[in-house]
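Take a look at the structure set out below.
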Amino acid sequence: PDTAHEPIMDKNTFTTQPMGTAAQLYFRSGGSSGTPALAGFSYRDFQRQMRAAADGLFAAGLDPSQDRVMNLFYGGSLYGGFLSFTKILELMSVTHFPMGAPQDDDFSEIAQLIVDQRVTVLIGMPSTLHRLFFNEQTRLRTYAGIRKVFLGGEHPGQTSLSLMESCGVSMIRSAIYGSVDAGPLGHACAATANGIFHLMCDTQHLEIVQIEQDEPVLANEIGRLLFTSRARQGQTVRRYDVGDTGRWIPGVCPCGLDSPRFELLQRHGKVIRMGTEFISPSALQDSVGAPIQIVLDHTPDGVERLTVLSDADADQVRNALLNHEALANAVNANLLTVEVQVCMEQAFTRNKHSGKTPLVIDKRK
């Protein structure tokens, strides 16, 4: 579609637009930085988008004739991913165990079911799968039957990769890239590195525009990802800024697909994914009420870690941070650890070129 002269749709525009009369299926969208909104789909929308995602998951390496898949996406506040992958796997006619991630840190029954039912493929969020392999590594290493792990969201750190591989996993791939609002957007393939996706051309149109202005990027320049959903009946999604940056990958993909490819890079703007939650760093700073610097990395065990530097009282800073509902949820679910280090503002890390002090330093790989 020719959308270049239309305004860019931001999150607020999306959530405040009137719902289409054709909307029949509603998913909760967001809520970590404000009031949860709804994304509406007609059943035709949902069927079409899940069909595209099923084709994409096949291209990424899922084999319906051989694989036995356990779905470990959350069935709670992140239920959109769980239900979507349930439909995707149904369309693929694959053997499927829709387990859902546990609300606590007890993976013993899940691990036993994996062994008893000869599960060979796991799908879920990186943090959930890391906790499963970390807590049940003895049993899963002895079983050694899990061959593939397909991830939603960010790719795990090296510690998680090494742990899964030590348990016999030979394929670890961020298979599907998407959002609750816009639906599935891109899929991986067997021929390209993690973080590179084929555009789902049947259902999505993509523009990449410059960070500071509404102009197309040049060559492989990094820019904002704007998605337009094709034939979306339930809700209008046109030039929707999903909050991610990326760049085009030129050339023909060795896998043989001729759909455009793009590399997914960091978030931009107001929110960052931390422990599966989208959280506003500026909101965390406001809750502390003093200058802070946020460092994101992984603990030696592979769990995501949020380290906050501040010259305020460490206990008060920690209490203020944990008053943020989404952050507290991630900590309580053992998806994120929070540490506070006393540090004078003058000692915060600065950009060596601009001299500016970034609020967030993301060291996750």
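Just remember, in the structure tokens the first chain shown is A, the second B, etc., residues are 1-based per chain, and ligands are 1-based in the order shown.
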
Output as JSON lines one row per residue of range 209-287 of chain A within 12 Å of range 160-179 of chain A: the closest atom pair and its distance in Å to one decimal place, counting only C-alpha atoms, sorted by chain and residue number ascending.
```
{"residue": "A:Leu225", "atom": "CA", "partner": "A:Gly178", "partner_atom": "CA", "distance": 11.7}
{"residue": "A:Phe227", "atom": "CA", "partner": "A:Gly178", "partner_atom": "CA", "distance": 10.4}
{"residue": "A:Ser229", "atom": "CA", "partner": "A:Gly178", "partner_atom": "CA", "distance": 11.8}
{"residue": "A:Val237", "atom": "CA", "partner": "A:Ser179", "partner_atom": "CA", "distance": 11.8}
{"residue": "A:Tyr240", "atom": "CA", "partner": "A:Ser179", "partner_atom": "CA", "distance": 11.1}
{"residue": "A:Asp241", "atom": "CA", "partner": "A:Ser179", "partner_atom": "CA", "distance": 11.2}
{"residue": "A:Val242", "atom": "CA", "partner": "A:Ser179", "partner_atom": "CA", "distance": 7.8}
{"residue": "A:Gly243", "atom": "CA", "partner": "A:Ser179", "partner_atom": "CA", "distance": 10.4}
{"residue": "A:Asp244", "atom": "CA", "partner": "A:Gly178", "partner_atom": "CA", "distance": 10.7}
{"residue": "A:Phe262", "atom": "CA", "partner": "A:Tyr177", "partner_atom": "CA", "distance": 11.0}
{"residue": "A:Glu263", "atom": "CA", "partner": "A:Tyr177", "partner_atom": "CA", "distance": 10.8}
{"residue": "A:Leu264", "atom": "CA", "partner": "A:Tyr177", "partner_atom": "CA", "distance": 8.7}
{"residue": "A:Leu265", "atom": "CA", "partner": "A:Tyr177", "partner_atom": "CA", "distance": 11.7}
{"residue": "A:Phe278", "atom": "CA", "partner": "A:Ser179", "partner_atom": "CA", "distance": 11.7}
```

If you count only C-alpha atoms, which residues fall within 9 Å of Cys343 in chain A, apart from same-chain ones fewer than 5 positions away, as number ranges by chain? A: 292, 309-312, 348

All alpha helix (DSSP H) positions in range 119-297 of chain A, as an NGL selection string: :A and (126-135 or 137-143 or 158-166 or 281-288)

Quick one: write out the picked residues with C-alpha atoms as a PDB file, in the first residue's frame?
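Written file, selection39.pdb:
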```pdb
ATOM      1  CA  PRO A 126      13.616 -16.606  26.786  1.00  0.00           C
ATOM      2  CA  SER A 127      13.363 -15.926  30.524  1.00  0.00           C
ATOM      3  CA  THR A 128      10.892 -18.776  31.065  1.00  0.00           C
ATOM      4  CA  LEU A 129      12.950 -21.281  29.117  1.00  0.00           C
ATOM      5  CA  HIS A 130      16.150 -20.273  30.904  1.00  0.00           C
ATOM      6  CA  ARG A 131      14.511 -20.931  34.274  1.00  0.00           C
ATOM      7  CA  LEU A 132      13.227 -24.311  33.082  1.00  0.00           C
ATOM      8  CA  PHE A 133      16.657 -25.461  31.904  1.00  0.00           C
ATOM      9  CA  PHE A 134      18.445 -23.962  34.918  1.00  0.00           C
ATOM     10  CA  ASN A 135      16.132 -25.524  37.520  1.00  0.00           C
ATOM     11  CA  GLN A 137      19.063 -29.210  34.005  1.00  0.00           C
ATOM     12  CA  THR A 138      19.971 -32.580  35.536  1.00  0.00           C
ATOM     13  CA  ARG A 139      16.762 -34.223  34.379  1.00  0.00           C
ATOM     14  CA  LEU A 140      16.736 -32.524  30.966  1.00  0.00           C
ATOM     15  CA  ARG A 141      20.419 -33.264  30.347  1.00  0.00           C
ATOM     16  CA  THR A 142      19.790 -36.946  31.099  1.00  0.00           C
ATOM     17  CA  TYR A 143      16.744 -36.948  28.794  1.00  0.00           C
ATOM     18  CA  GLN A 158      25.247 -16.681  26.010  1.00  0.00           C
ATOM     19  CA  THR A 159      24.794 -18.338  29.413  1.00  0.00           C
ATOM     20  CA  SER A 160      21.306 -19.491  28.462  1.00  0.00           C
ATOM     21  CA  LEU A 161      22.464 -20.664  25.048  1.00  0.00           C
ATOM     22  CA  SER A 162      25.271 -22.715  26.550  1.00  0.00           C
ATOM     23  CA  LEU A 163      22.943 -24.205  29.166  1.00  0.00           C
ATOM     24  CA  MET A 164      20.382 -25.312  26.564  1.00  0.00           C
ATOM     25  CA  GLU A 165      23.069 -26.720  24.298  1.00  0.00           C
ATOM     26  CA  SER A 166      24.521 -28.703  27.204  1.00  0.00           C
ATOM     27  CA  PRO A 281      12.911   3.850  32.209  1.00  0.00           C
ATOM     28  CA  SER A 282      11.828   7.455  32.711  1.00  0.00           C
ATOM     29  CA  ALA A 283       8.944   6.217  34.879  1.00  0.00           C
ATOM     30  CA  LEU A 284      11.451   4.329  37.038  1.00  0.00           C
ATOM     31  CA  GLN A 285      13.532   7.481  37.386  1.00  0.00           C
ATOM     32  CA  ASP A 286      10.432   9.489  38.319  1.00  0.00           C
ATOM     33  CA  SER A 287       9.531   6.951  41.008  1.00  0.00           C
ATOM     34  CA  VAL A 288      13.013   7.214  42.543  1.00  0.00           C
TER      35      VAL A 288
END
```

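Closest approach to Leu359 in chain A from the set A:Val303, A:Ala52, A:Ile294, A:Leu322 is made by A:Ile294, with distances taken over only C-alpha atoms.
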
Could you tell me how far CA of Pro300 in chain A lies from CA of Val119 in chain A, in Å and to one decimal? 27.9 Å

Give me the residues within 9 Å of Ser259 in chain A as a list in words, counting only C-alpha atoms and dropping any in the same chain fewer than 4 places off.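 Here the answer would be His198, Leu199, Met200, Cys201, Val252 and Cys253 of chain A.
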
Go ahead and dump the residues you just picked, C-alpha atoms, as a PDB file, in the first residue's frame.
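And here's part-v2.pdb as it stands now:
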```pdb
ATOM      1  CA  HIS A 198      11.639 -12.153   6.710  1.00  0.00           C
ATOM      2  CA  LEU A 199       8.712  -9.749   6.431  1.00  0.00           C
ATOM      3  CA  MET A 200       5.323 -11.498   6.436  1.00  0.00           C
ATOM      4  CA  CYS A 201       4.328  -9.917   3.146  1.00  0.00           C
ATOM      5  CA  VAL A 252      18.681 -12.676  -1.859  1.00  0.00           C
ATOM      6  CA  CYS A 253      18.320 -14.954   1.154  1.00  0.00           C
TER       7      CYS A 253
END
```

For a test of reading the model, state the distance in Å between CA of Thr120 in chain A and CA of Ala144 in chain A, rounded to one decimal.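 About the pair CA of Thr120 in chain A and CA of Ala144 in chain A: they are 9.1 Å apart.
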
Counting only C-alpha atoms, the option among A:Asp45, A:Glu90, A:Glu277, A:Glu109 closest to Met125 in chain A: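 Closest to Met125 in chain A, using only C-alpha atoms: A:Glu277.
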
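Our summary of the geometry notes that CA of Asp202 in chain A is positioned 24.4 Å from CA of Gln17 in chain A.
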
Closest of A:Ile146, A:Ile208, A:Ala59, A:Ile114 to His187 in chain A - atom-to-atom distances counting only C-alpha atoms: A:Ala59

Considering only strand (DSSP E or B) as DSSP defines it on the backbone, what residues of range 318-362 of chain A qualify? List them as a list of chain:residue names. A:Leu336, A:Thr337, A:Val338, A:Glu339, A:Val340, A:Gln341, A:Val342, A:Val360, A:Ile361, A:Asp362

Could you dump the residues just selected with N, CA and C atoms as a PDB file, in the first residue's frame?
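So out_10.pdb came out as:
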```pdb
ATOM      1  N   LEU A 336      13.567 -11.432  36.509  1.00  0.00           N
ATOM      2  CA  LEU A 336      14.450 -10.265  36.582  1.00  0.00           C
ATOM      3  C   LEU A 336      14.949 -10.117  38.006  1.00  0.00           C
ATOM      4  N   THR A 337      16.239  -9.789  38.155  1.00  0.00           N
ATOM      5  CA  THR A 337      16.767  -9.428  39.465  1.00  0.00           C
ATOM      6  C   THR A 337      17.077  -7.930  39.465  1.00  0.00           C
ATOM      7  N   VAL A 338      16.929  -7.308  40.619  1.00  0.00           N
ATOM      8  CA  VAL A 338      17.159  -5.865  40.753  1.00  0.00           C
ATOM      9  C   VAL A 338      18.248  -5.633  41.786  1.00  0.00           C
ATOM     10  N   GLU A 339      19.255  -4.880  41.393  1.00  0.00           N
ATOM     11  CA  GLU A 339      20.335  -4.501  42.308  1.00  0.00           C
ATOM     12  C   GLU A 339      20.476  -2.985  42.294  1.00  0.00           C
ATOM     13  N   VAL A 340      20.820  -2.410  43.431  1.00  0.00           N
ATOM     14  CA  VAL A 340      21.034  -0.968  43.547  1.00  0.00           C
ATOM     15  C   VAL A 340      22.462  -0.734  44.032  1.00  0.00           C
ATOM     16  N   GLN A 341      23.183   0.100  43.320  1.00  0.00           N
ATOM     17  CA  GLN A 341      24.550   0.448  43.697  1.00  0.00           C
ATOM     18  C   GLN A 341      24.637   1.948  43.956  1.00  0.00           C
ATOM     19  N   VAL A 342      25.225   2.301  45.086  1.00  0.00           N
ATOM     20  CA  VAL A 342      25.412   3.719  45.405  1.00  0.00           C
ATOM     21  C   VAL A 342      26.534   4.269  44.535  1.00  0.00           C
ATOM     22  N   VAL A 360      19.827   4.630  30.103  1.00  0.00           N
ATOM     23  CA  VAL A 360      19.877   3.170  30.036  1.00  0.00           C
ATOM     24  C   VAL A 360      21.113   2.709  29.275  1.00  0.00           C
ATOM     25  N   ILE A 361      21.821   1.763  29.844  1.00  0.00           N
ATOM     26  CA  ILE A 361      22.931   1.081  29.156  1.00  0.00           C
ATOM     27  C   ILE A 361      22.540  -0.388  29.053  1.00  0.00           C
ATOM     28  N   ASP A 362      22.272  -0.861  27.863  1.00  0.00           N
ATOM     29  CA  ASP A 362      21.784  -2.234  27.662  1.00  0.00           C
ATOM     30  C   ASP A 362      22.950  -3.112  27.205  1.00  0.00           C
TER      31      ASP A 362
END
```

With only C-alpha atoms as the counted atoms, please give the residues lying no more than 6 Å from range 18-26 of chain A, apart from itself and same-chain residues fewer than 2 positions off, as a CSV table (one decimal) with N, CA and C atoms, in the first residue's frame.
```csv
chain,number,residue,atom,x,y,z
A,39,ALA,N,-6.6,-4.7,21.6
A,39,ALA,CA,-6.4,-4.9,20.2
A,39,ALA,C,-7.5,-5.8,19.6
A,40,GLY,N,-8.2,-5.3,18.6
A,40,GLY,CA,-9.3,-6.0,18.1
A,40,GLY,C,-9.1,-6.6,16.7
A,41,PHE,N,-9.5,-7.9,16.5
A,41,PHE,CA,-9.4,-8.6,15.3
A,41,PHE,C,-10.7,-9.2,14.9
A,42,SER,N,-11.0,-9.2,13.7
A,42,SER,CA,-12.1,-10.1,13.2
A,42,SER,C,-11.5,-11.5,13.2
A,233,GLN,N,-9.5,-6.0,9.4
A,233,GLN,CA,-10.9,-5.6,9.5
A,233,GLN,C,-11.2,-5.0,10.9
A,234,GLY,N,-10.6,-5.6,11.9
A,234,GLY,CA,-11.0,-5.3,13.3
A,234,GLY,C,-10.5,-4.0,13.8
A,235,GLN,N,-9.4,-3.5,13.3
A,235,GLN,CA,-8.8,-2.3,13.8
A,235,GLN,C,-7.8,-1.8,12.7
```

Which polymer residues have any atom within 10 Å of an atom of Gln47 in chain A, counting only C-alpha atoms, with same-chain residues fewer than 3 positions away left out, as a PyMOL selection string? chain A and resi 41-44+50-53+84+87-88+91

Residues from last step as file, N, CA and C atoms, as a PDB file, in the first residue's frame:
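Output saved as part-v4.pdb:
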```pdb
ATOM      1  N   PHE A  41      -9.492  -7.873  16.547  1.00  0.00           N
ATOM      2  CA  PHE A  41      -9.361  -8.605  15.293  1.00  0.00           C
ATOM      3  C   PHE A  41     -10.716  -9.198  14.926  1.00  0.00           C
ATOM      4  N   SER A  42     -11.009  -9.243  13.655  1.00  0.00           N
ATOM      5  CA  SER A  42     -12.083 -10.129  13.221  1.00  0.00           C
ATOM      6  C   SER A  42     -11.521 -11.548  13.213  1.00  0.00           C
ATOM      7  N   TYR A  43     -12.391 -12.548  13.208  1.00  0.00           N
ATOM      8  CA  TYR A  43     -11.879 -13.911  13.142  1.00  0.00           C
ATOM      9  C   TYR A  43     -11.150 -14.153  11.823  1.00  0.00           C
ATOM     10  N   ARG A  44     -11.576 -13.459  10.778  1.00  0.00           N
ATOM     11  CA  ARG A  44     -10.865 -13.569   9.505  1.00  0.00           C
ATOM     12  C   ARG A  44      -9.463 -12.999   9.637  1.00  0.00           C
ATOM     13  N   MET A  50      -2.518 -15.795  11.687  1.00  0.00           N
ATOM     14  CA  MET A  50      -1.941 -17.012  12.261  1.00  0.00           C
ATOM     15  C   MET A  50      -1.490 -17.973  11.160  1.00  0.00           C
ATOM     16  N   ARG A  51      -2.176 -17.957  10.011  1.00  0.00           N
ATOM     17  CA  ARG A  51      -1.743 -18.769   8.884  1.00  0.00           C
ATOM     18  C   ARG A  51      -0.380 -18.298   8.388  1.00  0.00           C
ATOM     19  N   ALA A  52      -0.203 -16.984   8.308  1.00  0.00           N
ATOM     20  CA  ALA A  52       1.092 -16.438   7.895  1.00  0.00           C
ATOM     21  C   ALA A  52       2.176 -16.812   8.899  1.00  0.00           C
ATOM     22  N   ALA A  53       1.833 -16.765  10.190  1.00  0.00           N
ATOM     23  CA  ALA A  53       2.807 -17.117  11.217  1.00  0.00           C
ATOM     24  C   ALA A  53       3.139 -18.602  11.168  1.00  0.00           C
ATOM     25  N   SER A  84      -2.149 -17.311  20.610  1.00  0.00           N
ATOM     26  CA  SER A  84      -1.736 -17.202  19.210  1.00  0.00           C
ATOM     27  C   SER A  84      -0.937 -18.426  18.788  1.00  0.00           C
ATOM     28  N   LYS A  87      -3.032 -21.484  18.263  1.00  0.00           N
ATOM     29  CA  LYS A  87      -3.682 -21.498  16.952  1.00  0.00           C
ATOM     30  C   LYS A  87      -2.673 -21.822  15.846  1.00  0.00           C
ATOM     31  N   ILE A  88      -1.482 -21.235  15.929  1.00  0.00           N
ATOM     32  CA  ILE A  88      -0.447 -21.487  14.918  1.00  0.00           C
ATOM     33  C   ILE A  88      -0.125 -22.977  14.845  1.00  0.00           C
ATOM     34  N   LEU A  91      -2.902 -24.975  13.222  1.00  0.00           N
ATOM     35  CA  LEU A  91      -2.889 -24.844  11.766  1.00  0.00           C
ATOM     36  C   LEU A  91      -1.781 -25.679  11.136  1.00  0.00           C
TER      37      LEU A  91
END
```

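Distance check against Ala231 in chain A using only C-alpha atoms: of A:Asp2, A:Val317, A:Ala333, A:Gln49, the minimum falls on A:Gln49.
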
From the list A:Thr228, A:Thr357, A:Tyr74, A:Lys363, which residue is nearest Asp104 in chain A when using only C-alpha atoms?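 Looking only at the distances to Asp104 in chain A, the closest residue turns out to be A:Tyr74.
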
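Of the listed residues A:Pro291, A:Gly302, A:Gly124, A:Pro102, the one whose atoms come nearest to Lys148 in chain A is A:Gly124, with distances taken using only C-alpha atoms.
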
Neighbours of Gln66 in chain A within 12 Å (only C-alpha atoms; same-chain residues fewer than 2 positions away dropped), as a VMD selection string? chain A and resid 61 to 64 68 to 69 92 to 96 118 to 121 147 to 148

Output N, CA and C atoms of each residue in that selection to a file, as a short mmCIF file (atom, residue, chain, number, x, y, z; two decimals), in the first residue's frame.
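Output file selection_30.cif is given in full below:
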```cif
data_model
loop_
_atom_site.label_atom_id
_atom_site.label_comp_id
_atom_site.auth_asym_id
_atom_site.auth_seq_id
_atom_site.Cartn_x
_atom_site.Cartn_y
_atom_site.Cartn_z
N GLY A 61 11.98 -23.72 10.79
CA GLY A 61 12.54 -25.03 11.10
C GLY A 61 11.66 -25.98 11.87
N LEU A 62 10.40 -25.62 12.15
CA LEU A 62 9.50 -26.55 12.83
C LEU A 62 8.97 -27.57 11.83
N ASP A 63 9.07 -28.85 12.17
CA ASP A 63 8.67 -29.94 11.27
C ASP A 63 7.42 -30.62 11.83
N PRO A 64 6.23 -30.34 11.29
CA PRO A 64 5.01 -30.93 11.83
C PRO A 64 4.97 -32.45 11.78
N ARG A 68 7.38 -32.75 18.40
CA ARG A 68 6.38 -32.80 19.48
C ARG A 68 6.63 -31.56 20.34
N VAL A 69 5.69 -30.62 20.33
CA VAL A 69 5.93 -29.25 20.79
C VAL A 69 5.20 -28.97 22.10
N MET A 92 -0.71 -25.92 11.87
CA MET A 92 0.39 -26.73 11.37
C MET A 92 0.15 -28.23 11.57
N SER A 93 -0.93 -28.57 12.30
CA SER A 93 -1.25 -29.98 12.60
C SER A 93 -0.08 -30.70 13.26
N VAL A 94 0.56 -29.99 14.18
CA VAL A 94 1.71 -30.55 14.89
C VAL A 94 1.24 -31.13 16.23
N THR A 95 1.91 -32.14 16.72
CA THR A 95 1.62 -32.67 18.06
C THR A 95 1.99 -31.61 19.09
N HIS A 96 1.04 -31.28 19.97
CA HIS A 96 1.15 -30.03 20.74
C HIS A 96 0.69 -30.25 22.18
N ARG A 118 7.98 -37.43 25.61
CA ARG A 118 9.00 -37.35 24.55
C ARG A 118 8.90 -36.05 23.76
N VAL A 119 8.72 -34.94 24.49
CA VAL A 119 8.67 -33.62 23.85
C VAL A 119 10.03 -33.30 23.24
N THR A 120 10.02 -32.80 22.01
CA THR A 120 11.28 -32.52 21.31
C THR A 120 11.49 -31.04 21.03
N VAL A 121 10.43 -30.22 21.17
CA VAL A 121 10.51 -28.79 20.84
C VAL A 121 9.83 -27.99 21.93
N ARG A 147 15.37 -31.01 21.04
CA ARG A 147 16.26 -30.69 19.94
C ARG A 147 16.15 -29.24 19.48
N LYS A 148 14.97 -28.65 19.64
CA LYS A 148 14.75 -27.30 19.11
C LYS A 148 14.08 -26.42 20.17
#
```
